[in-house]
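These notes concern the structure reproduced below.
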Amino acid sequence: MSKLVSSIIAIIGFGFCVWLFWLFVQNIQEADANIIAGLIGLLGMLGATLMTHVQTKKREINSRHFMEKREGYMLMIDLLFNLIEFKKNDEKISEEHLIKKIIEFKKALLIWGGQGIIHSWKLSGLDLNSGR
């Protein structure tokens, strides 16, 4: 029921805005040049403010996502440095350890990955439940 009420209110609000815009367009021709210039300036200022707000929100979201993505990238870097360390010390890496690290990295990557990454995950044949 509340969705119906909010939909009706949104439709009425939209209709009111359309009516105000129509009224504005009909009467703008009779207005003084100073009023028209002021309105154009106001619309420009509102547009610039809206664009700035949207860009700021996008930057905030990207900043938060970077902090969350950082964990996945740190797993990859840790995996690479582990491989280098094992190679440098001439130690053999256990397959179980390597698979565990790769799956841990893939899980983190899958959260932020696109369709291509998900497709490659399916092609790899690894199952999260079995660990293989």
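By convention here, the chains of the structure tokens are called A, B, ... in the order presented, each chain's residues are numbered starting at 1, and ligands are numbered starting at 1 in the order presented.
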Selection: 12 Å around Ile28 (chain A), only C-alpha atoms, excl. self and same-chain fewer than 6 positions, as an MDAnalysis selection string: chainID A and resid 20:22 34:40
CA of Cys17 (chain A) to CA of Leu43 (chain A), distance in Å rounded to a single decimal: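 Result for CA of Cys17 (chain A) versus CA of Leu43 (chain A): 15.1 Å, one decimal.
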Residues near region 102-106 of chain A, cut-off 7 Å, only C-alpha atoms, skip fewer than 2 positions along chain, as number ranges by chain: A: 72, 75-76, 98-100, 108-110
How would the residues just picked look written out with C-alpha atoms as a PDB file, in the first residue's frame?
ATOM      1  CA  GLY A  72      42.448  -8.417  -2.840  1.00  0.00           C
ATOM      2  CA  LEU A  75      46.617 -11.078  -1.406  1.00  0.00           C
ATOM      3  CA  MET A  76      48.017 -11.167  -4.939  1.00  0.00           C
ATOM      4  CA  LEU A  98      49.450 -22.797  -3.435  1.00  0.00           C
ATOM      5  CA  ILE A  99      45.847 -23.756  -4.244  1.00  0.00           C
ATOM      6  CA  LYS A 100      44.674 -22.311  -0.932  1.00  0.00           C
ATOM      7  CA  ALA A 108      38.683 -11.461  -3.256  1.00  0.00           C
ATOM      8  CA  LEU A 109      39.046 -10.737  -6.974  1.00  0.00           C
ATOM      9  CA  LEU A 110      35.637 -12.163  -7.810  1.00  0.00           C
TER      10      LEU A 110
END
d(CA of Val18 (chain A), CA of His53 (chain A)) in Å: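 CA of Val18 (chain A) sits 24.2 Å away from CA of His53 (chain A).
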Residue list (alpha helix (DSSP H), DSSP) for chain A, as a VMD selection string: chain A and resid 2 to 27 33 to 88 95 to 112 115 to 124
